[in-house]
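Below: structure28.json (JSON, C-alpha atoms and all ligand atoms)
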```
[["chain", "number", "residue", "atom", "x", "y", "z"],
["N", 506, "MET", "CA", 6.51, -0.16, 6.51],
["N", 507, "HIS", "CA", 4.08, -2.94, 5.85],
["N", 508, "LEU", "CA", 0.53, -2.21, 4.80],
["N", 509, "TYR", "CA", -2.33, -4.23, 6.17],
["N", 510, "ILE", "CA", -5.48, -4.41, 4.04],
["N", 511, "LEU", "CA", -8.50, -4.65, 6.32],
["N", 512, "PRO", "CA", -11.16, -6.15, 3.99],
["N", 513, "SER", "CA", -8.91, -9.02, 2.94],
["N", 514, "GLN", "CA", -7.10, -9.27, 6.29],
["N", 515, "THR", "CA", -3.80, -9.63, 4.48],
["N", 516, "PHE", "CA", -0.65, -7.62, 4.10],
["N", 517, "LEU", "CA", -0.13, -5.91, 0.78],
["N", 518, "SER", "CA", 2.38, -7.42, -1.57],
["N", 519, "CYS", "CA", 3.50, -5.37, -4.56],
["N", 520, "GLN", "CA", 1.49, -6.00, -7.71],
["N", 521, "ILE", "CA", 4.62, -5.85, -9.81],
["N", 522, "CYS", "CA", 7.44, -7.51, -7.89],
["N", 523, "GLY", "CA", 5.80, -9.05, -4.84],
["N", 524, "GLY", "CA", 7.72, -6.80, -2.46],
["N", 525, "LEU", "CA", 6.41, -6.42, 1.07],
["N", 526, "ARG", "CA", 7.87, -3.08, 2.17],
["N", 527, "PHE", "CA", 6.43, 0.26, 1.20],
["N", 528, "GLY", "CA", 7.10, 3.93, 1.68],
["N", 529, "ARG", "CA", 4.21, 6.22, 2.47],
["N", 530, "ARG", "CA", 3.34, 9.35, 0.56],
["N", 531, "GLU", "CA", 0.34, 11.61, 0.27],
["N", 532, "VAL", "CA", -1.16, 11.70, -3.22],
["N", 533, "LYS", "CA", -3.33, 14.64, -4.20],
["N", 534, "MET", "CA", -6.37, 13.58, -6.12],
["N", 535, "THR", "CA", -7.21, 16.77, -7.94],
["N", 536, "THR", "CA", -10.25, 16.50, -10.11],
["N", 537, "THR", "CA", -11.90, 19.51, -11.63],
["N", 538, "GLY", "CA", -15.65, 19.77, -11.88],
["N", 539, "MET", "CA", -16.39, 16.97, -9.45],
["N", 540, "THR", "CA", -18.12, 19.30, -7.00],
["N", 541, "PHE", "CA", -20.88, 19.77, -9.54],
["N", 542, "PHE", "CA", -21.58, 16.06, -9.44],
["N", 543, "ASP", "CA", -21.45, 15.96, -5.66],
["N", 544, "LEU", "CA", -18.32, 13.85, -5.78],
["N", 545, "ASP", "CA", -16.26, 16.04, -3.50],
["N", 546, "TRP", "CA", -14.78, 13.07, -1.71],
["N", 547, "MET", "CA", -12.80, 12.35, -4.86],
["N", 548, "ASN", "CA", -10.87, 15.57, -4.27],
["N", 549, "LYS", "CA", -9.55, 14.40, -0.95],
["N", 550, "SER", "CA", -6.01, 13.21, -0.82],
["N", 551, "ALA", "CA", -5.15, 9.58, -1.18],
["N", 552, "GLU", "CA", -2.26, 7.65, 0.24],
["N", 553, "GLY", "CA", 0.41, 6.16, -1.93],
["N", 554, "ALA", "CA", 2.20, 2.98, -0.90],
["N", 555, "ILE", "CA", 5.44, 3.01, -2.85],
["N", 556, "CYS", "CA", 7.17, -0.34, -3.24],
["N", 557, "VAL", "CA", 10.64, 0.07, -1.80],
["N", 558, "ARG", "CA", 12.07, -2.42, -4.29],
["N", 559, "CYS", "CA", 10.54, -1.48, -7.65],
["N", 560, "GLY", "CA", 8.91, 1.90, -7.02],
["N", 561, "PHE", "CA", 5.42, 0.96, -8.11],
["N", 562, "VAL", "CA", 2.86, 3.19, -6.39],
["N", 563, "HIS", "CA", -0.28, 1.58, -5.02],
["N", 564, "THR", "CA", -2.86, 4.24, -4.29],
["N", 565, "PHE", "CA", -5.48, 4.01, -1.57],
["N", 566, "MET", "CA", -8.37, 6.19, -0.51],
["N", 567, "GLY", "CA", -10.53, 5.74, 2.53],
["N", 568, "ASN", "CA", -9.71, 3.86, 5.71],
["N", 569, "ALA", "CA", -9.48, 0.24, 4.65],
["N", 570, "HIS", "CA", -5.74, 0.04, 5.11],
["N", 571, "GLN", "CA", -3.40, 0.34, 8.06],
["N", 572, "TRP", "CA", 0.34, 0.98, 8.22],
["N", 573, "VAL", "CA", 2.29, -1.37, 10.43],
["N", 574, "ALA", "CA", 5.92, -1.07, 11.45],
["N", 575, "PRO", "CA", 8.02, -4.09, 10.44],
["N", 576, "ASP", "CA", 8.92, -4.86, 14.07],
["N", 577, "GLN", "CA", 5.20, -5.21, 14.84],
["N", 578, "VAL", "CA", 4.68, -7.86, 12.18],
["N", 579, "ASP", "CA", 5.12, -11.58, 12.60],
["N", 580, "PRO", "CA", 6.98, -12.61, 9.41],
["N", 581, "ALA", "CA", 4.75, -15.70, 9.28],
["N", 582, "ASP", "CA", 1.78, -13.40, 8.61],
["N", 583, "LEU", "CA", 3.35, -11.88, 5.50],
["N", 584, "PRO", "CA", 2.65, -13.20, 2.00],
["N", 585, "ASP", "CA", 5.45, -15.05, 0.25],
["N", 586, "ASP", "CA", 7.97, -12.77, -1.39],
["N", 587, "PRO", "CA", 9.13, -14.48, -4.59],
["N", 588, "LEU", "CA", 12.29, -12.38, -4.74],
["N", 589, "ALA", "CA", 13.24, -12.56, -1.08],
["N", 590, "GLU", "CA", 16.80, -13.52, -0.45],
["N", 591, "ARG", "CA", 16.85, -16.94, 1.04],
["N", 592, "PRO", "CA", 19.61, -18.28, 3.25],
["N", 593, "ALA", "CA", 22.28, -20.16, 1.31],
["N", 594, "GLN", "CA", 21.77, -23.88, 1.36],
["N", 601, "ZN", "ZN", 7.47, -3.81, -6.29]]
```
Show me this structure written as structure tokens.
Ligand SMILES: [Zn+2]
Amino acid sequence: MHLYILPSQTFLSCQICGGLRFGRREVKMTTTGMTFFDLDWMNKSAEGAICVRCGFVHTFMGNAHQWVAPDQVDPADLPDDPLAERPAQ
């Protein structure tokens, strides 16, 4: 899947390798004692976007991101992937 970042209006590219495809996984954000500080929202689960190529996990909370199936994405809208295989010249 691709991951669209709403505030920047761009698709996520991996911080480590520049990859553009991610797996989705729920990430529990367990924090003890946060209720006392009225920070309950920090105990909600986050969403991990795992880079398919290098495995780096980008973690998001809130609603500022949107998963998009690759067949719904115009490749021209994706950031450059420095490691993408290019056609032989
Ligand atoms: Zn990566």
* **Nearest residue to ligand ZN 601 (chain N) from the set N:Phe527, N:Tyr509, N:Phe565, N:Phe516 (distances using all atoms listed in the file)** =>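 Among the listed residues, N:Phe527 lies closest to ligand ZN 601 (chain N).
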* To do: Select all residues near (8.2, -11.4, -12.5) (cut-off 10 Å, inclusive, file coordinates), counting all atoms listed in the file, and output them as a PyMOL selection string.
  => chain N and resi 520-523+587-588
* Could you list, as a count of residues only, all the residues within 9 Å of ligand ZN 601 (chain N), counting only C-alpha atoms and all ligand atoms? -> 18
* May I have the residues within 9 Å of N:Met566 as a list in words, using all atoms listed in the file and disregarding those fewer than 3 positions away in the same chain? =>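 Using all atoms listed in the file, the neighbours found are Met547, Lys549, Ser550, Ala551, Glu552, Gly553, Ala569 and His570 of chain N.
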* **Gap from atom CA of N:Glu531 to atom CA of N:Asn568 - Å, one decimal** =>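 Rounded to one decimal, the two atoms are 13.8 Å apart.
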* **Nearest candidate to N:Ala554 (options N:Gly528, N:Pro584, N:Gly567, N:Pro512; using all atoms listed in the file)** =>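 For N:Ala554, the nearest of the given residues is N:Gly528.
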* How many Å lie between atom CA of N:Pro575 and atom CA of N:Arg529, rounded to one decimal? -> 13.6 Å
Since the input has fewer atoms than a full residue there, write stretch 568-589 of chain N out with N, CA and C atoms, as a compact mmCIF listing (two decimals), in the frame of the given file.
```txt
# COMPACT_ATOMS: atom_id res chain seq x y z
N ASN N 568 -10.33 4.33 4.47
CA ASN N 568 -9.71 3.86 5.71
C ASN N 568 -9.55 2.35 5.78
N ALA N 569 -9.51 1.71 4.63
CA ALA N 569 -9.48 0.24 4.65
C ALA N 569 -8.07 -0.33 4.70
N HIS N 570 -7.11 0.54 5.03
CA HIS N 570 -5.74 0.04 5.11
C HIS N 570 -5.07 0.63 6.35
N GLN N 571 -4.04 -0.03 6.80
CA GLN N 571 -3.40 0.34 8.06
C GLN N 571 -1.90 0.10 7.94
N TRP N 572 -1.12 1.13 8.26
CA TRP N 572 0.34 0.98 8.22
C TRP N 572 0.83 0.28 9.47
N VAL N 573 1.77 -0.63 9.29
CA VAL N 573 2.29 -1.37 10.43
C VAL N 573 3.82 -1.40 10.34
N ALA N 574 4.46 -1.03 11.43
CA ALA N 574 5.92 -1.07 11.45
C ALA N 574 6.40 -2.51 11.36
N PRO N 575 7.52 -2.71 10.63
CA PRO N 575 8.02 -4.09 10.44
C PRO N 575 8.24 -4.84 11.75
N ASP N 576 8.66 -4.13 12.82
CA ASP N 576 8.92 -4.86 14.07
C ASP N 576 7.63 -5.26 14.80
N GLN N 577 6.49 -4.82 14.27
CA GLN N 577 5.20 -5.21 14.84
C GLN N 577 4.58 -6.39 14.10
N VAL N 578 5.27 -6.85 13.06
CA VAL N 578 4.68 -7.86 12.18
C VAL N 578 5.37 -9.20 12.39
N ASP N 579 4.58 -10.22 12.56
CA ASP N 579 5.12 -11.58 12.60
C ASP N 579 5.39 -11.99 11.15
N PRO N 580 6.65 -12.27 10.80
CA PRO N 580 6.98 -12.61 9.41
C PRO N 580 6.10 -13.73 8.86
N ALA N 581 5.60 -14.59 9.73
CA ALA N 581 4.75 -15.70 9.28
C ALA N 581 3.42 -15.19 8.72
N ASP N 582 3.05 -13.96 9.09
CA ASP N 582 1.78 -13.40 8.61
C ASP N 582 1.91 -12.73 7.24
N LEU N 583 3.14 -12.56 6.78
CA LEU N 583 3.35 -11.88 5.50
C LEU N 583 3.18 -12.86 4.34
N PRO N 584 2.72 -12.34 3.20
CA PRO N 584 2.65 -13.20 2.00
C PRO N 584 4.06 -13.62 1.59
N ASP N 585 4.14 -14.64 0.77
CA ASP N 585 5.45 -15.05 0.25
C ASP N 585 6.02 -13.98 -0.66
N ASP N 586 7.28 -13.70 -0.50
CA ASP N 586 7.97 -12.77 -1.39
C ASP N 586 8.83 -13.58 -2.35
N PRO N 587 8.44 -13.62 -3.63
CA PRO N 587 9.13 -14.48 -4.59
C PRO N 587 10.58 -14.09 -4.80
N LEU N 588 10.92 -12.83 -4.50
CA LEU N 588 12.29 -12.38 -4.74
C LEU N 588 13.11 -12.26 -3.46
N ALA N 589 12.52 -12.68 -2.35
CA ALA N 589 13.24 -12.56 -1.08
C ALA N 589 14.54 -13.36 -1.13
```
